[in-house]
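Engineer: What follows is model-v1.pdb, PDB, C-alpha atoms.
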ATOM      1  CA  PRO A   5      15.141  28.491  27.036
ATOM      2  CA  ASP A   6      14.078  27.039  23.694
ATOM      3  CA  SER A   7      17.284  25.059  23.208
ATOM      4  CA  GLN A   8      17.267  21.260  23.313
ATOM      5  CA  LEU A   9      20.359  19.634  24.809
ATOM      6  CA  LEU A  10      21.361  16.128  23.697
ATOM      7  CA  LEU A  11      24.384  14.484  25.345
ATOM      8  CA  ILE A  12      26.317  11.438  24.135
ATOM      9  CA  GLY A  13      28.489   9.543  26.596
ATOM     10  CA  HIS A  14      29.940   6.178  27.536
ATOM     11  CA  GLU A  15      28.643   5.604  31.063
ATOM     12  CA  ASN A  16      25.421   3.598  31.192
ATOM     13  CA  ASP A  17      24.144   4.479  34.646
ATOM     14  CA  ILE A  18      20.550   5.274  35.666
ATOM     15  CA  GLN A  19      21.635   7.620  38.475
ATOM     16  CA  LEU A  20      23.716   9.626  36.019
ATOM     17  CA  TYR A  21      20.789   9.747  33.589
ATOM     18  CA  ARG A  22      18.395  11.032  36.274
ATOM     19  CA  HIS A  23      20.925  13.633  37.417
ATOM     20  CA  LEU A  24      21.377  14.911  33.859
ATOM     21  CA  ILE A  25      17.611  15.184  33.375
ATOM     22  CA  GLU A  26      17.327  17.146  36.627
ATOM     23  CA  LEU A  27      20.003  19.532  35.341
ATOM     24  CA  GLY A  28      17.891  20.213  32.254
ATOM     25  CA  VAL A  29      19.444  17.842  29.725
ATOM     26  CA  ASN A  30      16.718  16.692  27.338
ATOM     27  CA  GLU A  31      18.223  13.363  26.285
ATOM     28  CA  TYR A  32      21.295  11.261  27.039
ATOM     29  CA  LEU A  33      22.552   8.573  24.648
ATOM     30  CA  CYS A  34      25.220   6.033  25.538
ATOM     31  CA  GLY A  35      26.876   2.952  24.115
ATOM     32  CA  GLU A  36      26.958   2.340  20.355
ATOM     33  CA  VAL A  37      25.227   5.401  18.889
ATOM     34  CA  THR A  38      24.523   5.264  15.162
ATOM     35  CA  THR A  39      23.445   7.999  12.792
ATOM     36  CA  ALA A  40      19.894   6.636  12.803
ATOM     37  CA  VAL A  41      19.742   6.723  16.622
ATOM     38  CA  ILE A  42      20.861  10.363  16.689
ATOM     39  CA  GLN A  43      18.427  11.311  13.942
ATOM     40  CA  ASN A  44      15.491   9.667  15.729
ATOM     41  CA  ALA A  45      16.456  11.301  19.019
ATOM     42  CA  ILE A  46      16.561  14.758  17.436
ATOM     43  CA  THR A  47      13.216  14.128  15.737
ATOM     44  CA  ASP A  48      11.660  13.126  19.073
ATOM     45  CA  LEU A  49      13.071  16.197  20.831
ATOM     46  CA  PHE A  50      11.424  18.599  18.411
ATOM     47  CA  ALA A  51       8.214  16.648  17.873
ATOM     48  CA  ASP A  52       5.023  18.542  18.639
ATOM     49  CA  PRO A  53       3.006  16.396  21.079
ATOM     50  CA  SER A  54      -0.209  18.116  19.988
ATOM     51  CA  ALA A  55       0.402  17.547  16.283
ATOM     52  CA  ILE A  56      -1.826  15.147  14.378
ATOM     53  CA  GLU A  57       0.014  12.041  13.216
ATOM     54  CA  LEU A  58      -0.100  12.017   9.424
ATOM     55  CA  GLY A  59      -0.642   8.856   7.402
ATOM     56  CA  ARG A  60       2.268   7.043   5.794
ATOM     57  CA  VAL A  61       2.466   7.591   2.020
ATOM     58  CA  ILE A  62       3.427   4.577  -0.113
ATOM     59  CA  ALA A  63       3.875   5.206  -3.848
ATOM     60  CA  CYS A  64       3.699   2.231  -6.233
ATOM     61  CA  ILE A  65       5.021   2.384  -9.793
ATOM     62  CA  GLY A  66       5.892  -0.201 -12.425
ATOM     63  CA  ALA A  67       9.305  -0.300 -14.060
ATOM     64  CA  ARG A  68       7.390  -1.038 -17.256
ATOM     65  CA  GLY A  69       3.751  -1.415 -18.196
ATOM     66  CA  GLY A  70       2.269  -4.803 -17.351
ATOM     67  CA  THR A  71       4.519  -5.631 -14.406
ATOM     68  CA  GLY A  72       1.541  -5.737 -12.037
ATOM     69  CA  SER A  73       2.173  -2.546 -10.049
ATOM     70  CA  SER A  74      -1.557  -1.794  -9.738
ATOM     71  CA  THR A  75      -2.180  -5.334  -8.504
ATOM     72  CA  VAL A  76       0.575  -4.881  -5.911
ATOM     73  CA  ALA A  77      -0.929  -1.529  -4.830
ATOM     74  CA  ALA A  78      -4.436  -3.007  -4.457
ATOM     75  CA  ASN A  79      -3.366  -6.084  -2.487
ATOM     76  CA  LEU A  80      -0.961  -4.037  -0.393
ATOM     77  CA  SER A  81      -3.766  -1.608   0.537
ATOM     78  CA  TYR A  82      -6.047  -4.452   1.562
ATOM     79  CA  GLU A  83      -3.373  -6.201   3.646
ATOM     80  CA  LEU A  84      -2.361  -3.016   5.483
ATOM     81  CA  GLY A  85      -5.924  -2.443   6.624
ATOM     82  CA  GLN A  86      -6.441  -6.027   7.735
ATOM     83  CA  MET A  87      -3.053  -6.372   9.423
ATOM     84  CA  TYR A  88      -3.207  -3.186  11.509
ATOM     85  CA  SER A  89      -6.991  -2.617  11.707
ATOM     86  CA  ALA A  90      -6.280   0.857  10.365
ATOM     87  CA  GLU A  91      -7.808   3.169   7.766
ATOM     88  CA  VAL A  92      -6.196   2.893   4.322
ATOM     89  CA  ILE A  93      -6.911   5.116   1.320
ATOM     90  CA  LEU A  94      -5.875   3.906  -2.135
ATOM     91  CA  ILE A  95      -5.628   6.724  -4.700
ATOM     92  CA  ASP A  96      -5.544   5.733  -8.364
ATOM     93  CA  LEU A  97      -3.444   8.312 -10.217
ATOM     94  CA  ASP A  98      -3.369   6.455 -13.541
ATOM     95  CA  MET A  99      -5.721   9.030 -15.041
ATOM     96  CA  CYS A 100      -6.270   7.301 -18.368
ATOM     97  CA  PHE A 101      -6.207   3.599 -17.583
ATOM     98  CA  GLY A 102      -6.614   3.219 -13.809
ATOM     99  CA  THR A 103      -8.088  -0.057 -12.524
ATOM    100  CA  ALA A 104      -8.422   0.439  -8.738
ATOM    101  CA  ALA A 105     -12.236   0.618  -8.772
ATOM    102  CA  LEU A 106     -12.387  -2.337 -11.160
ATOM    103  CA  ALA A 107     -10.034  -4.378  -8.964
ATOM    104  CA  PHE A 108     -12.498  -4.086  -6.056
ATOM    105  CA  ASN A 109     -15.687  -4.229  -8.157
ATOM    106  CA  LEU A 110     -16.732  -0.733  -7.050
ATOM    107  CA  GLN A 111     -19.251   1.398  -8.932
ATOM    108  CA  GLN A 112     -17.781   4.860  -9.103
ATOM    109  CA  ARG A 113     -19.581   8.163  -9.340
ATOM    110  CA  GLN A 114     -16.709  10.646  -9.375
ATOM    111  CA  SER A 115     -12.954  10.356  -9.704
ATOM    112  CA  ILE A 116      -9.647  11.778  -8.562
ATOM    113  CA  ALA A 117      -9.826  14.192 -11.515
ATOM    114  CA  ASP A 118     -13.024  15.730 -10.091
ATOM    115  CA  ALA A 119     -11.370  16.167  -6.715
ATOM    116  CA  LEU A 120      -8.269  17.831  -8.161
ATOM    117  CA  ALA A 121     -10.394  20.157 -10.310
ATOM    118  CA  GLN A 122     -11.671  22.029  -7.238
ATOM    119  CA  PRO A 123      -8.789  22.173  -4.728
ATOM    120  CA  ASN A 124     -10.046  25.350  -3.036
ATOM    121  CA  ARG A 125     -13.258  23.591  -1.993
ATOM    122  CA  LEU A 126     -11.615  20.434  -0.709
ATOM    123  CA  ASP A 127     -12.208  19.395   2.889
ATOM    124  CA  ASP A 128     -12.651  16.064   4.645
ATOM    125  CA  VAL A 129     -16.406  16.063   3.979
ATOM    126  CA  LEU A 130     -15.999  16.671   0.259
ATOM    127  CA  ILE A 131     -13.167  14.133   0.016
ATOM    128  CA  GLU A 132     -15.455  11.430   1.370
ATOM    129  CA  ARG A 133     -17.802  12.036  -1.561
ATOM    130  CA  PHE A 134     -15.041  10.985  -3.948
ATOM    131  CA  MET A 135     -14.155   7.859  -1.954
ATOM    132  CA  LEU A 136     -15.548   4.401  -2.539
ATOM    133  CA  LYS A 137     -15.765   2.285   0.593
ATOM    134  CA  TYR A 138     -14.647  -1.336   0.105
ATOM    135  CA  ASN A 139     -14.673  -2.579   3.701
ATOM    136  CA  ASP A 140     -14.255  -1.269   7.234
ATOM    137  CA  TYR A 141     -10.658  -0.203   6.584
ATOM    138  CA  LEU A 142     -10.135   0.354   2.859
ATOM    139  CA  SER A 143     -11.406   3.259   0.753
ATOM    140  CA  VAL A 144     -10.594   3.932  -2.905
ATOM    141  CA  VAL A 145     -10.338   7.212  -4.800
ATOM    142  CA  PRO A 146     -10.728   5.965  -8.391
ATOM    143  CA  ALA A 147      -9.324   7.210 -11.676
ATOM    144  CA  PRO A 148     -11.595   8.602 -14.440
ATOM    145  CA  VAL A 149     -13.487   6.038 -16.498
ATOM    146  CA  LEU A 150     -13.543   7.860 -19.832
ATOM    147  CA  LEU A 151     -10.704   9.137 -21.986
ATOM    148  CA  GLY A 152     -10.495  12.605 -23.452
ATOM    149  CA  GLY A 153     -10.249  14.836 -20.397
ATOM    150  CA  ASP A 154      -7.428  17.171 -19.431
ATOM    151  CA  PHE A 155      -5.917  14.966 -16.740
ATOM    152  CA  ASP A 156      -2.582  16.649 -16.079
ATOM    153  CA  VAL A 157      -2.061  16.701 -12.293
ATOM    154  CA  GLN A 158      -1.368  20.087 -10.771
ATOM    155  CA  MET A 159       0.927  19.587  -7.783
ATOM    156  CA  GLU A 160      -0.615  22.386  -5.696
ATOM    157  CA  ALA A 161      -4.028  20.731  -5.952
ATOM    158  CA  PHE A 162      -2.591  17.290  -5.251
ATOM    159  CA  GLU A 163      -0.705  18.493  -2.168
ATOM    160  CA  ILE A 164      -3.950  19.886  -0.731
ATOM    161  CA  LEU A 165      -5.652  16.547  -1.406
ATOM    162  CA  LEU A 166      -2.767  14.529   0.027
ATOM    163  CA  ASP A 167      -2.611  16.625   3.193
ATOM    164  CA  LEU A 168      -6.314  15.978   3.790
ATOM    165  CA  VAL A 169      -6.238  12.209   3.243
ATOM    166  CA  ARG A 170      -3.105  11.814   5.373
ATOM    167  CA  ARG A 171      -5.128  13.237   8.280
ATOM    168  CA  MET A 172      -7.936  10.776   7.580
ATOM    169  CA  ALA A 173      -6.013   7.498   7.230
ATOM    170  CA  ALA A 174      -3.014   5.732   8.724
ATOM    171  CA  PHE A 175      -1.819   4.687   5.258
ATOM    172  CA  VAL A 176      -2.175   6.343   1.853
ATOM    173  CA  VAL A 177      -1.245   4.143  -1.111
ATOM    174  CA  LEU A 178      -0.678   5.897  -4.457
ATOM    175  CA  ASP A 179      -1.050   3.858  -7.642
ATOM    176  CA  LEU A 180       1.117   5.805 -10.101
ATOM    177  CA  PRO A 181       1.019   5.487 -13.896
ATOM    178  CA  HIS A 182       4.000   4.233 -15.870
ATOM    179  CA  GLN A 183       5.236   7.740 -16.670
ATOM    180  CA  TRP A 184       8.205   9.879 -15.744
ATOM    181  CA  ASN A 185       6.918  13.441 -15.843
ATOM    182  CA  PRO A 186       7.397  16.266 -13.318
ATOM    183  CA  TRP A 187       4.349  15.543 -11.126
ATOM    184  CA  VAL A 188       5.054  11.794 -10.916
ATOM    185  CA  ASN A 189       8.693  12.526 -10.144
ATOM    186  CA  GLU A 190       7.775  14.969  -7.358
ATOM    187  CA  ILE A 191       5.338  12.523  -5.761
ATOM    188  CA  ILE A 192       7.979   9.784  -5.786
ATOM    189  CA  LEU A 193      10.595  12.025  -4.174
ATOM    190  CA  ASP A 194       8.256  13.036  -1.324
ATOM    191  CA  ALA A 195       6.673   9.648  -0.506
ATOM    192  CA  ASN A 196       7.656   7.803   2.674
ATOM    193  CA  GLU A 197       8.074   4.588   0.702
ATOM    194  CA  VAL A 198       8.412   3.877  -3.018
ATOM    195  CA  VAL A 199       7.715   0.413  -4.446
ATOM    196  CA  VAL A 200       9.057  -0.300  -7.936
ATOM    197  CA  THR A 201       7.469  -3.437  -9.398
ATOM    198  CA  ALA A 202       9.349  -5.242 -12.161
ATOM    199  CA  TYR A 203       9.458  -8.515 -14.053
ATOM    200  CA  PRO A 204      12.966  -9.999 -14.386
ATOM    201  CA  ASP A 205      13.650  -9.611 -18.105
ATOM    202  CA  LEU A 206      16.122  -7.479 -20.055
ATOM    203  CA  ALA A 207      13.840  -4.489 -20.700
ATOM    204  CA  ASN A 208      12.821  -4.301 -17.039
ATOM    205  CA  LEU A 209      16.468  -4.568 -15.995
ATOM    206  CA  ARG A 210      17.343  -1.493 -18.046
ATOM    207  CA  ASP A 211      14.431   0.545 -16.677
ATOM    208  CA  VAL A 212      14.916  -0.543 -13.058
ATOM    209  CA  LYS A 213      18.571   0.485 -13.241
ATOM    210  CA  ASN A 214      17.607   3.902 -14.611
ATOM    211  CA  ILE A 215      14.985   4.410 -11.896
ATOM    212  CA  PHE A 216      17.254   3.421  -9.016
ATOM    213  CA  ASP A 217      20.181   5.427 -10.379
ATOM    214  CA  ASN A 218      17.874   8.435 -10.504
ATOM    215  CA  LEU A 219      16.356   7.995  -7.038
ATOM    216  CA  ARG A 220      19.215   6.557  -5.000
ATOM    217  CA  GLU A 221      20.853   9.890  -4.141
ATOM    218  CA  ARG A 222      17.787  12.105  -4.479
ATOM    219  CA  ARG A 223      15.694  10.160  -1.945
ATOM    220  CA  GLY A 224      18.565   9.239   0.348
ATOM    221  CA  ILE A 225      18.730   6.500   2.970
ATOM    222  CA  THR A 226      15.874   7.841   5.098
ATOM    223  CA  LEU A 227      13.336   7.451   2.270
ATOM    224  CA  PRO A 228      13.946   3.978   0.848
ATOM    225  CA  THR A 229      13.040   2.755  -2.627
ATOM    226  CA  ARG A 230      11.983  -0.901  -2.637
ATOM    227  CA  LEU A 231      12.190  -3.358  -5.517
ATOM    228  CA  VAL A 232       9.505  -6.024  -5.907
ATOM    229  CA  LEU A 233       9.919  -8.743  -8.529
ATOM    230  CA  ASN A 234       6.547  -9.962  -9.736
ATOM    231  CA  LYS A 235       5.236 -12.830 -11.886
ATOM    232  CA  LEU A 236       8.297 -15.000 -11.291
ATOM    233  CA  GLY A 237       8.056 -18.148 -13.424
ATOM    234  CA  LEU A 238       5.979 -16.534 -16.184
ATOM    235  CA  SER A 239       8.464 -17.332 -18.958
ATOM    236  CA  LYS A 240      11.461 -19.581 -18.430
ATOM    237  CA  ILE A 241      12.892 -18.625 -21.821
ATOM    238  CA  SER A 242      13.101 -14.824 -21.417
ATOM    239  CA  GLU A 243      13.226 -14.599 -17.622
ATOM    240  CA  LEU A 244      16.546 -13.617 -16.061
ATOM    241  CA  SER A 245      17.832 -15.336 -12.964
ATOM    242  CA  ALA A 246      17.795 -13.393  -9.706
ATOM    243  CA  LYS A 247      21.598 -13.162  -9.766
ATOM    244  CA  ASP A 248      21.717 -11.790 -13.323
ATOM    245  CA  PHE A 249      19.009  -9.245 -12.543
ATOM    246  CA  ILE A 250      20.328  -8.007  -9.208
ATOM    247  CA  ALA A 251      24.047  -7.726 -10.046
ATOM    248  CA  PRO A 252      23.886  -4.751 -12.508
ATOM    249  CA  ILE A 253      21.627  -2.614 -10.308
ATOM    250  CA  GLY A 254      23.058  -3.542  -6.910
ATOM    251  CA  VAL A 255      19.611  -3.724  -5.316
ATOM    252  CA  LYS A 256      18.166  -6.805  -3.681
ATOM    253  CA  PRO A 257      14.372  -7.161  -4.039
ATOM    254  CA  VAL A 258      12.397  -7.022  -0.811
ATOM    255  CA  MET A 259       9.883  -9.478  -2.235
ATOM    256  CA  ASN A 260       9.692 -12.093  -5.011
ATOM    257  CA  ILE A 261       6.061 -12.757  -5.929
ATOM    258  CA  PRO A 262       5.427 -15.960  -7.925
ATOM    259  CA  PHE A 263       3.304 -16.179 -11.060
ATOM    260  CA  GLU A 264      -0.046 -17.607  -9.971
ATOM    261  CA  PRO A 265      -2.440 -16.932 -12.863
ATOM    262  CA  GLY A 266      -5.279 -18.965 -11.372
ATOM    263  CA  VAL A 267      -5.604 -17.108  -8.081
ATOM    264  CA  PHE A 268      -4.866 -13.671  -9.549
ATOM    265  CA  GLY A 269      -7.260 -14.214 -12.455
ATOM    266  CA  THR A 270     -10.058 -15.324 -10.132
ATOM    267  CA  ALA A 271      -9.441 -12.333  -7.851
ATOM    268  CA  LEU A 272      -9.596  -9.920 -10.786
ATOM    269  CA  ASN A 273     -12.812 -11.432 -12.147
ATOM    270  CA  ASN A 274     -14.425 -11.394  -8.689
ATOM    271  CA  GLY A 275     -13.262  -7.899  -7.817
ATOM    272  CA  GLN A 276     -11.399  -9.163  -4.745
ATOM    273  CA  CYS A 277      -7.897  -9.421  -3.327
ATOM    274  CA  ILE A 278      -6.081 -12.736  -3.438
ATOM    275  CA  THR A 279      -6.371 -13.192   0.339
ATOM    276  CA  GLU A 280     -10.150 -13.255  -0.073
ATOM    277  CA  VAL A 281      -9.927 -15.774  -2.920
ATOM    278  CA  ASN A 282      -7.389 -18.215  -1.510
ATOM    279  CA  LYS A 283      -5.703 -17.666   1.868
ATOM    280  CA  ARG A 284      -3.317 -20.537   1.157
ATOM    281  CA  ALA A 285      -1.902 -19.048  -2.045
ATOM    282  CA  LYS A 286       1.859 -18.446  -1.948
ATOM    283  CA  SER A 287       1.433 -14.768  -2.805
ATOM    284  CA  VAL A 288      -0.707 -14.112   0.282
ATOM    285  CA  LYS A 289       2.298 -14.581   2.550
ATOM    286  CA  HIS A 290       4.418 -12.340   0.299
ATOM    287  CA  PHE A 291       1.899  -9.481   0.422
ATOM    288  CA  SER A 292       1.615  -9.834   4.184
ATOM    289  CA  GLU A 293       5.397  -9.572   4.573
ATOM    290  CA  LEU A 294       5.559  -6.654   2.132
ATOM    291  CA  SER A 295       2.876  -4.805   4.105
ATOM    292  CA  SER A 296       4.848  -5.331   7.305
ATOM    293  CA  ILE A 297       8.015  -3.924   5.716
ATOM    294  CA  LEU A 298       6.325  -0.846   4.241
ATOM    295  CA  SER A 299       4.166  -0.010   7.241
ATOM    296  CA  GLY A 300       7.012   1.224   9.416
ATOM    297  CA  ARG A 301       5.313  -0.554  12.315
ATOM    298  CA  GLU A 302       5.686  -3.722  14.303
ATOM    299  CA  LYS A 303       3.597  -6.544  12.902
ATOM    300  CA  ILE A 304       0.542  -7.288  15.025
ATOM    301  CA  ASN A 305       0.118 -10.931  15.947
ATOM    302  CA  LYS A 306      -3.651 -11.350  16.132
ATOM    303  CA  ASN A 307      -3.213 -14.989  17.122
ATOM    304  CA  LYS A 308      -1.023 -14.204  20.107
ATOM    305  CA  LYS A 309      -1.824 -16.435  23.063
ATOM    306  CA  SER A 310      -3.174 -14.918  26.249
ATOM    307  CA  LEU A 311      -0.929 -14.734  29.291
ATOM    308  CA  PHE A 312      -3.716 -16.442  31.242
ATOM    309  CA  PRO A 313      -5.234 -19.005  28.861
ATOM    310  CA  ILE A 314      -8.848 -20.055  29.377
ATOM    311  CA  HIS A 315      -9.558 -23.786  29.276
ATOM    312  CA  LEU A 316     -13.077 -24.946  28.501
ATOM    313  CA  PHE A 317     -14.274 -28.289  29.780
ATOM    314  CA  LYS A 318     -17.373 -30.108  28.615
ATOM    315  CA  SER A 319     -19.682 -31.184  31.405
ATOM    316  CA  ASP A 320     -21.718 -34.351  31.354
ATOM    317  CA  LYS A 321     -24.514 -32.634  33.273
TER     318      LYS A 321
END
Give the structure from this file in structure tokens form.

Structural biologist:
Amino acid sequence: PDSQLLLIGHENDIQLYRHLIELGVNEYLCGEVTTAVIQNAITDLFADPSAIELGRVIACIGARGGTGSSTVAANLSYELGQMYSAEVILIDLDMCFGTAALAFNLQQRQSIADALAQPNRLDDVLIERFMLKYNDYLSVVPAPVLLGGDFDVQMEAFEILLDLVRRMAAFVVLDLPHQWNPWVNEIILDANEVVVTAYPDLANLRDVKNIFDNLRERRGITLPTRLVLNKLGLSKISELSAKDFIAPIGVKPVMNIPFEPGVFGTALNNGQCITEVNKRAKSVKHFSELSSILSGREKINKNKKSLFPIHLFKSDK
């Protein structure tokens, strides 16, 4: 009685489909059936309709320090909230030098370290005390301000925290430090999406290749690792061409973000995202497209025309 029966056939006929359902078949697939189609069908068959949909986890890490991974994480978090009108929680896990609160000009009281120090007491009410609200959609869990604390992340405590915030928000963006230790590695392997930010020079090429070689088989095709090239045009002398950078690693970047020091500098000084500073900046479109790719959802067209348009006419009376 608990078995789920999935049939694959060639005949595409609605009467056949209805007859199979009446017989107790749970799903019938026909035509060109790929591995992804079968996997999704099996997932749907065993999905619990009463289960709470958990937020999508997006982990951001830089191939090297200074590539702009934290900037990508901050702007990505903002765009996801605005694009889908959904709750987004940005967690700054760079315990020593995190800038998430600074990027949004938020005055912090407590940090992620305080939350992880008391995992047994964590609940949704307590978590909200550690969050800094930026707007209607975006909340930030900041990193510690001062150096000197014991900031090693215990995975058991982090998993409790992550499970809670995934129930509170549609998207959870993790700003990871430029480290490769066990807890960072475990977070990367479990995330729904991983974004590796790099600048196209020789040192970044070496590190990107090492990262993708390490993650390619361990994450598999169902949990993609995305490459974002940032600050393109920063240095024409040392910068590698896209062809020279992509060929050795065999990975095409999902996004190429240009070097726009004016708009990014103004955003940093104002504690805002670049969309708020200049909606016409080239990078705004790139972050919007990146958010759409990482969301796992269809992009919402807020400017979509009504099926029955309303025409307003000015009266002389």

Engineer: With only C-alpha atoms as the counted atoms, please give the residues lying no more than 7 Å from segment 77-82 of chain A, apart from itself and same-chain residues fewer than 5 positions off, as a list in words.

Structural biologist: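 After dropping sequence-adjacent residues, the list is Cys64, Val92, Leu94, Ala104, Leu142, Val177, Asp179, Cys277, Phe291 and Ser295 of chain A.
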
Engineer: Can you spell out as a short mmCIF file (atom, residue, chain, number, x, y, z; two decimals) with C-alpha atoms, keeping the file's coordinate frame the set of residues that the PyMOL selection byres ((chain A and resi 143) around 10) selects in the structure I just provided?

Structural biologist:
data_model
loop_
_atom_site.label_atom_id
_atom_site.label_comp_id
_atom_site.auth_asym_id
_atom_site.auth_seq_id
_atom_site.Cartn_x
_atom_site.Cartn_y
_atom_site.Cartn_z
CA SER A 81 -3.77 -1.61 0.54
CA TYR A 82 -6.05 -4.45 1.56
CA GLY A 85 -5.92 -2.44 6.62
CA GLU A 91 -7.81 3.17 7.77
CA VAL A 92 -6.20 2.89 4.32
CA ILE A 93 -6.91 5.12 1.32
CA LEU A 94 -5.88 3.91 -2.13
CA ILE A 95 -5.63 6.72 -4.70
CA ALA A 105 -12.24 0.62 -8.77
CA GLU A 132 -15.46 11.43 1.37
CA PHE A 134 -15.04 10.98 -3.95
CA MET A 135 -14.16 7.86 -1.95
CA LEU A 136 -15.55 4.40 -2.54
CA LYS A 137 -15.76 2.28 0.59
CA TYR A 138 -14.65 -1.34 0.10
CA ASN A 139 -14.67 -2.58 3.70
CA ASP A 140 -14.26 -1.27 7.23
CA TYR A 141 -10.66 -0.20 6.58
CA LEU A 142 -10.14 0.35 2.86
CA VAL A 144 -10.59 3.93 -2.90
CA VAL A 145 -10.34 7.21 -4.80
CA PRO A 146 -10.73 5.96 -8.39
CA ALA A 173 -6.01 7.50 7.23
CA VAL A 176 -2.17 6.34 1.85
#

Engineer: Could you work out how far atom CA of Ser242 of chain A lies from atom CA of Asp205 of chain A, giving the answer in Å with one decimal?

Structural biologist: 6.2 Å

Engineer: Can you work out the spacing between atom CA of Ala195 of chain A and atom CA of Val258 of chain A in Å, to one decimal?

Structural biologist: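 Answer for the atom CA of Ala195 of chain A to atom CA of Val258 of chain A separation: 17.6 Å.
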
Engineer: Which residues match the PyMOL selection byres ((chain A and resi 292) around 10) in the file above, as a list in words?

Structural biologist: Asn79, Leu80, Tyr82, Glu83, Leu84, Gln86, Met87, Thr279, Ser287, Val288, Lys289, His290, Phe291, Glu293, Leu294, Ser295, Ser296, Ile297 and Lys303 of chain A

Engineer: Determine the residue set returned by the PyMOL selection byres ((chain A and resi 218-232) around 6) for the present structure, and present it as a list in words.

Structural biologist: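 Here the PyMOL selection byres ((chain A and resi 218-232) around 6) matches Leu193, Asn196, Glu197, Val198, Val199, Val200, Thr201, Ile215, Phe216, Asp217, Leu233, Pro257, Val258 and Met259 of chain A.
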
Engineer: Between atom CA of Lys235 of chain A and atom CA of Phe249 of chain A, what distance in Å does the model show, to one decimal?

Structural biologist: 14.2 Å
